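Participant: run_31.csv (CSV, C-alpha atoms) pasted underneath:
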```csv
chain,number,residue,atom,x,y,z
H,58,SER,CA,-9.0,-2.1,-38.9
H,59,GLN,CA,-6.8,0.0,-36.6
H,60,THR,CA,-4.8,-1.5,-33.8
H,61,ILE,CA,-2.5,-0.1,-31.2
H,62,HIS,CA,0.2,-1.9,-29.3
H,63,GLN,CA,2.5,-0.8,-26.5
H,64,TRP,CA,5.3,-2.6,-24.8
H,65,PRO,CA,6.6,-3.8,-22.5
H,66,ALA,CA,3.4,-4.7,-20.6
H,67,THR,CA,5.3,-4.8,-17.2
H,68,LEU,CA,8.5,-3.2,-16.2
H,69,VAL,CA,10.5,-3.1,-12.9
H,70,GLN,CA,13.3,-0.6,-13.0
H,71,PRO,CA,15.7,0.7,-10.3
H,72,VAL,CA,15.7,4.4,-9.4
H,73,GLY,CA,18.0,6.3,-11.6
H,74,SER,CA,17.8,3.9,-14.5
H,75,PRO,CA,16.5,5.0,-18.0
H,76,LEU,CA,13.1,4.2,-19.4
H,77,SER,CA,11.7,3.5,-22.8
H,78,LEU,CA,8.1,2.6,-23.5
H,79,GLU,CA,7.1,2.1,-27.1
H,80,CYS,CA,3.8,2.4,-28.9
H,81,THR,CA,2.8,1.8,-32.5
H,82,VAL,CA,-0.5,2.2,-34.3
H,83,GLU,CA,-1.4,0.2,-37.4
H,84,GLY,CA,-4.1,0.8,-40.0
H,85,THR,CA,-4.3,4.5,-40.0
H,86,SER,CA,-2.2,7.5,-41.1
H,87,ASN,CA,-1.3,10.7,-39.3
H,88,PRO,CA,-3.1,9.9,-36.0
H,89,ASN,CA,-3.0,12.1,-33.0
H,90,LEU,CA,-0.9,10.2,-30.4
H,91,TYR,CA,-1.1,10.5,-26.6
H,92,TRP,CA,0.7,9.2,-23.5
H,93,TYR,CA,-1.4,9.1,-20.3
H,94,ARG,CA,-0.7,8.0,-16.8
H,95,GLN,CA,-3.6,6.5,-14.8
H,96,ALA,CA,-3.5,7.0,-11.1
H,97,ALA,CA,-4.7,4.4,-8.6
H,98,GLY,CA,-8.0,6.2,-8.3
H,99,ARG,CA,-8.6,5.7,-12.0
H,100,GLY,CA,-8.0,9.3,-13.0
H,101,LEU,CA,-6.2,9.9,-16.3
H,102,GLN,CA,-3.4,12.4,-16.5
H,103,LEU,CA,-2.3,13.5,-20.0
H,104,LEU,CA,1.5,13.5,-20.2
H,105,PHE,CA,2.2,14.2,-23.9
H,106,TYR,CA,0.4,14.5,-27.2
H,107,SER,CA,1.5,14.7,-30.7
H,108,VAL,CA,-0.3,15.8,-33.9
H,109,GLY,CA,2.6,14.8,-36.2
H,110,ILE,CA,6.1,13.5,-36.6
H,111,GLY,CA,8.5,15.5,-34.4
H,112,GLN,CA,5.6,17.5,-32.9
H,113,ILE,CA,5.3,16.9,-29.2
H,114,SER,CA,3.3,18.9,-26.6
H,115,SER,CA,4.0,18.4,-22.9
H,116,GLU,CA,1.2,18.8,-20.5
H,117,VAL,CA,3.0,18.4,-17.2
H,118,PRO,CA,6.6,19.3,-16.4
H,119,GLN,CA,8.2,16.1,-15.2
H,120,ASN,CA,11.0,13.6,-15.4
H,121,LEU,CA,9.7,12.2,-18.7
H,122,SER,CA,10.0,13.0,-22.4
H,123,ALA,CA,8.3,11.8,-25.5
H,124,SER,CA,9.4,11.4,-29.1
H,125,ARG,CA,7.6,10.6,-32.4
H,126,PRO,CA,10.3,9.4,-34.8
H,127,GLN,CA,7.8,8.0,-37.3
H,128,ASP,CA,4.1,8.7,-38.1
H,129,ARG,CA,2.7,5.8,-36.1
H,130,GLN,CA,5.4,5.4,-33.4
H,131,PHE,CA,5.3,7.2,-30.1
H,132,ILE,CA,8.0,6.7,-27.4
H,133,LEU,CA,8.0,7.6,-23.8
H,134,SER,CA,11.4,8.0,-22.2
H,135,SER,CA,13.3,9.0,-19.1
H,136,LYS,CA,17.0,9.4,-18.5
H,137,LYS,CA,16.7,8.8,-14.7
H,138,LEU,CA,13.6,7.3,-13.2
H,139,LEU,CA,12.2,8.5,-9.9
H,140,LEU,CA,10.1,6.5,-7.4
H,141,SER,CA,7.2,8.7,-8.2
H,142,ASP,CA,7.3,7.6,-11.9
H,143,SER,CA,5.8,4.3,-10.9
H,144,GLY,CA,2.3,3.8,-12.4
H,145,PHE,CA,0.2,2.6,-15.3
H,146,TYR,CA,1.1,4.2,-18.6
H,147,LEU,CA,-1.3,4.3,-21.5
H,148,CYS,CA,-0.6,5.1,-25.1
H,149,ALA,CA,-3.6,6.2,-27.1
H,150,TRP,CA,-4.5,7.5,-30.6
H,151,SER,CA,-7.3,9.4,-32.3
H,152,LEU,CA,-8.2,11.0,-35.6
H,153,GLY,CA,-9.8,13.9,-33.7
H,154,GLY,CA,-12.8,12.2,-32.3
H,155,THR,CA,-12.8,9.0,-30.3
H,156,ILE,CA,-9.7,8.2,-28.4
H,157,TYR,CA,-8.5,4.5,-28.4
H,158,PHE,CA,-6.2,3.1,-25.8
H,159,GLY,CA,-3.4,0.5,-25.9
H,160,GLU,CA,-3.1,-2.3,-23.4
H,161,GLY,CA,-1.1,-0.3,-20.9
H,162,SER,CA,2.3,-0.6,-19.3
H,163,TRP,CA,2.8,-1.2,-15.6
H,164,LEU,CA,6.0,0.5,-14.4
H,165,THR,CA,7.4,-0.1,-10.9
H,166,VAL,CA,10.4,1.9,-9.9
H,167,VAL,CA,12.3,0.3,-7.0
Q,175,ASP,CA,-16.8,18.8,-20.2
Q,176,ALA,CA,-20.0,18.0,-18.3
Q,177,LYS,CA,-19.9,16.0,-15.1
Q,178,THR,CA,-21.5,12.5,-15.1
Q,179,THR,CA,-23.0,10.5,-12.3
Q,180,GLN,CA,-23.0,6.7,-12.3
Q,181,PRO,CA,-23.9,4.1,-9.6
Q,182,PRO,CA,-20.7,2.7,-8.0
Q,183,SER,CA,-21.6,-0.9,-8.6
Q,184,MET,CA,-24.1,-3.2,-10.3
Q,185,ASP,CA,-24.7,-7.0,-10.6
Q,186,CYS,CA,-26.1,-8.9,-13.5
Q,187,ALA,CA,-26.7,-12.6,-14.2
Q,188,GLU,CA,-24.9,-14.2,-17.1
Q,189,GLY,CA,-27.0,-14.2,-20.2
Q,190,ARG,CA,-29.2,-11.4,-19.0
Q,191,ALA,CA,-29.2,-7.8,-20.2
Q,192,ALA,CA,-27.1,-5.4,-18.3
Q,193,ASN,CA,-28.4,-1.8,-18.2
Q,194,LEU,CA,-26.0,0.8,-16.9
Q,195,PRO,CA,-27.4,4.2,-16.2
Q,196,CYS,CA,-25.6,7.6,-16.4
Q,197,ASN,CA,-26.8,11.1,-15.5
Q,198,HIS,CA,-25.4,14.1,-17.3
Q,199,SER,CA,-27.8,16.9,-16.6
Q,200,THR,CA,-25.4,19.7,-17.5
Q,201,ILE,CA,-24.6,18.3,-21.0
Q,202,SER,CA,-24.1,20.9,-23.7
Q,203,GLY,CA,-25.5,20.8,-27.2
Q,204,ASN,CA,-22.1,19.9,-28.8
Q,205,GLU,CA,-21.1,17.2,-26.2
Q,206,TYR,CA,-21.3,13.5,-27.0
Q,207,VAL,CA,-21.8,10.7,-24.6
Q,208,TYR,CA,-19.0,8.2,-24.7
Q,209,TRP,CA,-18.8,4.8,-22.9
Q,210,TYR,CA,-15.5,3.0,-22.1
Q,211,ARG,CA,-14.9,0.0,-20.0
Q,212,GLN,CA,-11.7,-1.1,-18.2
Q,213,ILE,CA,-10.9,-4.6,-17.0
Q,214,HIS,CA,-8.5,-4.7,-14.2
Q,215,SER,CA,-4.9,-4.0,-15.3
Q,216,GLN,CA,-5.8,-3.4,-18.9
Q,217,GLY,CA,-6.2,-0.2,-21.0
Q,218,PRO,CA,-9.7,1.4,-21.3
Q,219,GLN,CA,-11.7,-0.1,-24.1
Q,220,TYR,CA,-14.0,2.1,-26.2
Q,221,ILE,CA,-17.5,0.8,-26.4
Q,222,ILE,CA,-19.8,3.3,-28.1
Q,223,HIS,CA,-20.8,7.0,-28.3
Q,224,GLY,CA,-23.7,9.1,-29.4
Q,225,LEU,CA,-25.0,12.6,-29.6
Q,226,LYS,CA,-28.7,12.4,-29.4
Q,227,ASN,CA,-29.9,9.4,-31.3
Q,228,ASN,CA,-29.8,5.9,-30.0
Q,229,GLU,CA,-26.8,3.9,-31.2
Q,230,THR,CA,-26.0,0.2,-31.5
Q,231,ASN,CA,-22.9,-1.6,-32.5
Q,232,GLU,CA,-21.6,-5.2,-32.0
Q,233,MET,CA,-20.8,-4.6,-28.4
Q,234,ALA,CA,-23.7,-2.6,-27.0
Q,235,SER,CA,-26.6,-0.2,-27.4
Q,236,LEU,CA,-26.8,3.3,-26.2
Q,237,ILE,CA,-30.1,4.9,-25.3
Q,238,ILE,CA,-30.1,8.7,-24.8
Q,239,THR,CA,-33.2,10.4,-23.4
Q,240,GLU,CA,-34.8,13.1,-25.5
Q,241,ASP,CA,-33.6,15.9,-23.2
Q,242,ARG,CA,-30.1,14.3,-23.3
Q,243,LYS,CA,-29.8,14.6,-19.5
Q,244,SER,CA,-29.3,10.8,-19.0
Q,245,SER,CA,-28.4,7.7,-20.9
Q,246,THR,CA,-28.3,4.0,-20.6
Q,247,LEU,CA,-25.7,1.5,-21.9
Q,248,ILE,CA,-27.2,-1.9,-22.6
Q,249,LEU,CA,-25.2,-5.1,-22.9
Q,250,PRO,CA,-27.9,-7.3,-24.4
Q,251,HIS,CA,-26.5,-10.7,-23.2
Q,252,ALA,CA,-23.9,-10.2,-20.5
Q,253,THR,CA,-21.1,-12.7,-20.2
Q,254,LEU,CA,-18.5,-13.2,-17.4
Q,255,ARG,CA,-16.0,-11.4,-19.6
Q,256,ASP,CA,-18.1,-8.2,-19.4
Q,257,THR,CA,-17.2,-7.8,-15.7
Q,258,ALA,CA,-15.4,-4.5,-15.7
Q,259,VAL,CA,-15.6,-0.9,-14.6
Q,260,TYR,CA,-17.7,1.1,-17.1
Q,261,TYR,CA,-17.2,4.8,-17.6
Q,262,CYS,CA,-19.7,7.2,-18.9
Q,263,ILE,CA,-18.0,10.4,-20.3
Q,264,VAL,CA,-19.5,13.5,-21.7
Q,265,ARG,CA,-17.1,15.2,-24.1
Q,266,ALA,CA,-17.1,17.6,-27.0
Q,267,ARG,CA,-15.2,16.3,-30.0
Q,268,SER,CA,-13.2,19.6,-29.9
Q,269,SER,CA,-11.9,18.6,-26.5
Q,270,GLY,CA,-9.0,17.1,-28.2
Q,271,SER,CA,-6.8,15.1,-25.8
Q,272,ARG,CA,-8.7,16.0,-22.7
Q,273,LEU,CA,-10.5,13.0,-21.3
Q,274,THR,CA,-11.7,12.7,-17.8
Q,275,PHE,CA,-12.8,9.4,-16.2
Q,276,GLY,CA,-15.0,9.6,-13.2
Q,277,GLU,CA,-15.5,6.8,-10.7
Q,278,GLY,CA,-17.5,4.6,-13.1
Q,279,THR,CA,-19.7,1.6,-12.4
Q,280,GLN,CA,-18.2,-1.7,-11.4
Q,281,LEU,CA,-20.3,-4.3,-13.2
Q,282,THR,CA,-20.1,-7.8,-11.9
Q,283,VAL,CA,-21.6,-10.5,-14.1
Q,284,ASN,CA,-22.4,-13.6,-12.0
Q,285,PRO,CA,-22.7,-17.2,-13.3
```
So, in terms of structure tokens, how does the structure I just supplied come out?
Facilitator:
Amino acid sequence: SQTIHQWPATLVQPVGSPLSLECTVEGTSNPNLYWYRQAAGRGLQLLFYSVGIGQISSEVPQNLSASRPQDRQFILSSKKLLLSDSGFYLCAWSLGGTIYFGEGSWLTVV
Amino acid sequence: DAKTTQPPSMDCAEGRAANLPCNHSTISGNEYVYWYRQIHSQGPQYIIHGLKNNETNEMASLIITEDRKSSTLILPHATLRDTAVYYCIVRARSSGSRLTFGEGTQLTVNP
């Protein structure tokens, strides 16, 4: 069966520091991969999605970037974090239908 | 994607069936009904989805009315670990990455 893991689960970083959140999917090939941010009111904001290695689409201009160095690996990065980057980040995957989410990563920028 | 309406909260006794309703009166013919749940501080968990027929899996049953304007998620024997926010989403498979969570229903299972 397919599984998705993202890490770290919790992160506290100072303003201006870099960020790297990693996500891997097991048990499937060539999945669509996504990074979402969930706001306090439970709304989901799509940040990036990828349909293949090296193919990244950005939904919102911001201080973040994403990369897909391998088929089942998706990385969310920032060179310099802002206070407004704090939030709950979710990696997800699909094969075109149902979207499945990872455990989430809580980022607090201080 | 069509809008959904759910009650903000529900209570259920442990061991009893939990029936969570959802209204989606503007659903289109190609839109599926999806259910997710989210336990505090965790990622949303997929439960079940259906188009027009009733569906059942190891987690729950989904009952969709004949006119498809409403549906009910049934947890047959609720446990304390089923306490979560449950989201009903109407979505076409061609929606791709677009996924909109509404307010959902806070289900509290009581001992």
Participant: Once you count only C-alpha atoms, what closest atom pair and distance in Å to one decimal does each residue of chain H within 10 Å of chain Q have, with rows by chain and rising residue number, as CSV?
Facilitator:
```
residue,atom,partner,partner_atom,distance
H:Ala66,CA,Q:Gln216,CA,9.4
H:Asn89,CA,Q:Ser271,CA,8.7
H:Leu90,CA,Q:Ser271,CA,8.9
H:Tyr91,CA,Q:Ser271,CA,7.4
H:Trp92,CA,Q:Ser271,CA,9.8
H:Tyr93,CA,Q:Ser271,CA,9.8
H:Gln95,CA,Q:Gly217,CA,9.5
H:Gly98,CA,Q:Glu277,CA,7.9
H:Arg99,CA,Q:Phe275,CA,7.0
H:Gly100,CA,Q:Phe275,CA,5.8
H:Leu101,CA,Q:Thr274,CA,6.4
H:Gln102,CA,Q:Thr274,CA,8.4
H:Leu103,CA,Q:Arg272,CA,7.4
H:Phe105,CA,Q:Ser271,CA,9.2
H:Tyr106,CA,Q:Ser271,CA,7.4
H:Ser107,CA,Q:Ser271,CA,9.6
H:Phe145,CA,Q:Ser215,CA,8.3
H:Tyr146,CA,Q:Gly217,CA,8.9
H:Leu147,CA,Q:Gly217,CA,6.7
H:Cys148,CA,Q:Gly217,CA,8.7
H:Ala149,CA,Q:Gly217,CA,9.2
H:Trp150,CA,Q:Ser271,CA,9.3
H:Ser151,CA,Q:Ser271,CA,8.7
H:Leu152,CA,Q:Gly270,CA,9.6
H:Gly153,CA,Q:Gly270,CA,6.4
H:Gly154,CA,Q:Arg267,CA,5.3
H:Thr155,CA,Q:Arg267,CA,7.7
H:Ile156,CA,Q:Tyr220,CA,7.8
H:Tyr157,CA,Q:Tyr220,CA,6.4
H:Phe158,CA,Q:Gly217,CA,5.8
H:Gly159,CA,Q:Gly217,CA,5.7
H:Glu160,CA,Q:Gly217,CA,4.4
H:Gly161,CA,Q:Gly217,CA,5.1
H:Ser162,CA,Q:Gln216,CA,8.6
H:Trp163,CA,Q:Ser215,CA,8.2
```
Participant: Would you mind telling me which residue in Q:Ile263, Q:Leu254, Q:Leu249, Q:Ile213 lies nearest to Q:Asn284 when using all atoms listed in the file?
Facilitator: Q:Leu254
Participant: Can you list, as a PyMOL selection string, every protein, DNA or RNA residue that comes within 12 Å of stretch 185-190 of chain Q when you count all atoms listed in the file, leaving out same-chain residues fewer than 4 positions away?
Facilitator: chain Q and resi 181+194+248-259+279-285
Participant: Could those residues be written to a file, using C-alpha atoms, as a PDB file, in the frame of the given file?
Facilitator:
```pdb
ATOM      1  CA  PRO Q 181     -23.900   4.100  -9.600  1.00  0.00           C
ATOM      2  CA  LEU Q 194     -26.000   0.800 -16.900  1.00  0.00           C
ATOM      3  CA  ILE Q 248     -27.200  -1.900 -22.600  1.00  0.00           C
ATOM      4  CA  LEU Q 249     -25.200  -5.100 -22.900  1.00  0.00           C
ATOM      5  CA  PRO Q 250     -27.900  -7.300 -24.400  1.00  0.00           C
ATOM      6  CA  HIS Q 251     -26.500 -10.700 -23.200  1.00  0.00           C
ATOM      7  CA  ALA Q 252     -23.900 -10.200 -20.500  1.00  0.00           C
ATOM      8  CA  THR Q 253     -21.100 -12.700 -20.200  1.00  0.00           C
ATOM      9  CA  LEU Q 254     -18.500 -13.200 -17.400  1.00  0.00           C
ATOM     10  CA  ARG Q 255     -16.000 -11.400 -19.600  1.00  0.00           C
ATOM     11  CA  ASP Q 256     -18.100  -8.200 -19.400  1.00  0.00           C
ATOM     12  CA  THR Q 257     -17.200  -7.800 -15.700  1.00  0.00           C
ATOM     13  CA  ALA Q 258     -15.400  -4.500 -15.700  1.00  0.00           C
ATOM     14  CA  VAL Q 259     -15.600  -0.900 -14.600  1.00  0.00           C
ATOM     15  CA  THR Q 279     -19.700   1.600 -12.400  1.00  0.00           C
ATOM     16  CA  GLN Q 280     -18.200  -1.700 -11.400  1.00  0.00           C
ATOM     17  CA  LEU Q 281     -20.300  -4.300 -13.200  1.00  0.00           C
ATOM     18  CA  THR Q 282     -20.100  -7.800 -11.900  1.00  0.00           C
ATOM     19  CA  VAL Q 283     -21.600 -10.500 -14.100  1.00  0.00           C
ATOM     20  CA  ASN Q 284     -22.400 -13.600 -12.000  1.00  0.00           C
ATOM     21  CA  PRO Q 285     -22.700 -17.200 -13.300  1.00  0.00           C
TER      22      PRO Q 285
END
```
Participant: One decimal, Å: what's the distance from atom CA of Q:Arg211 over to atom CA of H:Pro88, could you say?
Facilitator: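 So the two atoms, atom CA of Q:Arg211 and atom CA of H:Pro88, lie 22.2 Å apart.
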Participant: Can you rebuild stretch 238-249 of chain Q with all heavy atoms and give it as a short mmCIF file (atom, residue, chain, number, x, y, z; two decimals), in the frame of the given file?
Facilitator:
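Once everything was written out, this is selection11.cif:
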```cif
data_model
loop_
_atom_site.label_atom_id
_atom_site.label_comp_id
_atom_site.auth_asym_id
_atom_site.auth_seq_id
_atom_site.Cartn_x
_atom_site.Cartn_y
_atom_site.Cartn_z
N ILE Q 238 -30.19 7.32 -25.34
CA ILE Q 238 -30.10 8.70 -24.80
C ILE Q 238 -31.47 9.27 -24.70
O ILE Q 238 -32.24 9.21 -25.66
CB ILE Q 238 -29.17 9.55 -25.70
CG1 ILE Q 238 -27.79 8.91 -25.84
CG2 ILE Q 238 -29.05 10.97 -25.13
CD1 ILE Q 238 -26.88 9.62 -26.83
N THR Q 239 -31.82 9.82 -23.54
CA THR Q 239 -33.20 10.40 -23.40
C THR Q 239 -33.31 11.62 -24.27
O THR Q 239 -32.32 12.23 -24.71
CB THR Q 239 -33.39 10.81 -21.92
OG1 THR Q 239 -32.36 11.73 -21.51
CG2 THR Q 239 -33.36 9.60 -21.00
N GLU Q 240 -34.55 11.98 -24.52
CA GLU Q 240 -34.80 13.10 -25.50
C GLU Q 240 -34.22 14.38 -24.99
O GLU Q 240 -33.75 15.17 -25.80
CB GLU Q 240 -36.34 13.22 -25.63
CG GLU Q 240 -36.72 14.11 -26.79
CD GLU Q 240 -38.21 14.05 -27.10
OE1 GLU Q 240 -38.88 13.10 -26.64
OE2 GLU Q 240 -38.68 14.96 -27.79
N ASP Q 241 -34.22 14.63 -23.68
CA ASP Q 241 -33.60 15.90 -23.20
C ASP Q 241 -32.11 15.75 -23.02
O ASP Q 241 -31.46 16.72 -22.63
CB ASP Q 241 -34.26 16.29 -21.85
CG ASP Q 241 -34.04 15.27 -20.74
OD1 ASP Q 241 -33.27 14.31 -20.94
OD2 ASP Q 241 -34.64 15.43 -19.67
N ARG Q 242 -31.55 14.58 -23.30
CA ARG Q 242 -30.10 14.30 -23.30
C ARG Q 242 -29.51 14.39 -21.88
O ARG Q 242 -28.30 14.40 -21.73
CB ARG Q 242 -29.34 15.18 -24.24
CG ARG Q 242 -29.80 15.10 -25.66
CD ARG Q 242 -28.74 15.34 -26.70
NE ARG Q 242 -27.85 16.43 -26.37
CZ ARG Q 242 -26.51 16.29 -26.36
NH1 ARG Q 242 -25.94 15.15 -26.61
NH2 ARG Q 242 -25.77 17.34 -26.08
N LYS Q 243 -30.32 14.42 -20.85
CA LYS Q 243 -29.80 14.60 -19.50
C LYS Q 243 -29.38 13.23 -18.88
O LYS Q 243 -28.80 13.19 -17.80
CB LYS Q 243 -30.78 15.30 -18.62
CG LYS Q 243 -30.97 16.75 -19.03
CD LYS Q 243 -31.88 17.49 -18.08
CE LYS Q 243 -31.98 18.97 -18.49
NZ LYS Q 243 -32.83 19.74 -17.55
N SER Q 244 -29.70 12.15 -19.53
CA SER Q 244 -29.30 10.80 -19.00
C SER Q 244 -29.20 9.86 -20.19
O SER Q 244 -29.75 10.10 -21.27
CB SER Q 244 -30.23 10.31 -17.96
OG SER Q 244 -31.50 10.08 -18.51
N SER Q 245 -28.52 8.75 -19.92
CA SER Q 245 -28.40 7.70 -20.90
C SER Q 245 -28.23 6.37 -20.27
O SER Q 245 -27.96 6.28 -19.06
CB SER Q 245 -27.19 8.01 -21.86
OG SER Q 245 -25.98 8.04 -21.13
N THR Q 246 -28.40 5.32 -21.06
CA THR Q 246 -28.30 4.00 -20.60
C THR Q 246 -27.45 3.15 -21.56
O THR Q 246 -27.74 3.16 -22.76
CB THR Q 246 -29.62 3.28 -20.36
OG1 THR Q 246 -30.39 4.04 -19.43
CG2 THR Q 246 -29.45 1.86 -19.82
N LEU Q 247 -26.45 2.48 -21.07
CA LEU Q 247 -25.70 1.50 -21.90
C LEU Q 247 -26.28 0.16 -21.66
O LEU Q 247 -26.47 -0.27 -20.52
CB LEU Q 247 -24.21 1.53 -21.48
CG LEU Q 247 -23.33 0.55 -22.23
CD1 LEU Q 247 -23.07 1.06 -23.64
CD2 LEU Q 247 -22.02 0.30 -21.50
N ILE Q 248 -26.56 -0.54 -22.74
CA ILE Q 248 -27.20 -1.90 -22.60
C ILE Q 248 -26.24 -2.90 -23.24
O ILE Q 248 -25.87 -2.80 -24.41
CB ILE Q 248 -28.54 -1.91 -23.35
CG1 ILE Q 248 -29.49 -0.88 -22.74
CG2 ILE Q 248 -29.13 -3.31 -23.26
CD1 ILE Q 248 -30.80 -0.74 -23.48
N LEU Q 249 -25.87 -3.87 -22.42
CA LEU Q 249 -25.20 -5.10 -22.90
C LEU Q 249 -26.24 -6.14 -23.02
O LEU Q 249 -26.72 -6.63 -22.00
CB LEU Q 249 -24.07 -5.49 -21.95
CG LEU Q 249 -23.06 -4.41 -21.55
CD1 LEU Q 249 -22.06 -4.98 -20.55
CD2 LEU Q 249 -22.35 -3.85 -22.76
#
```
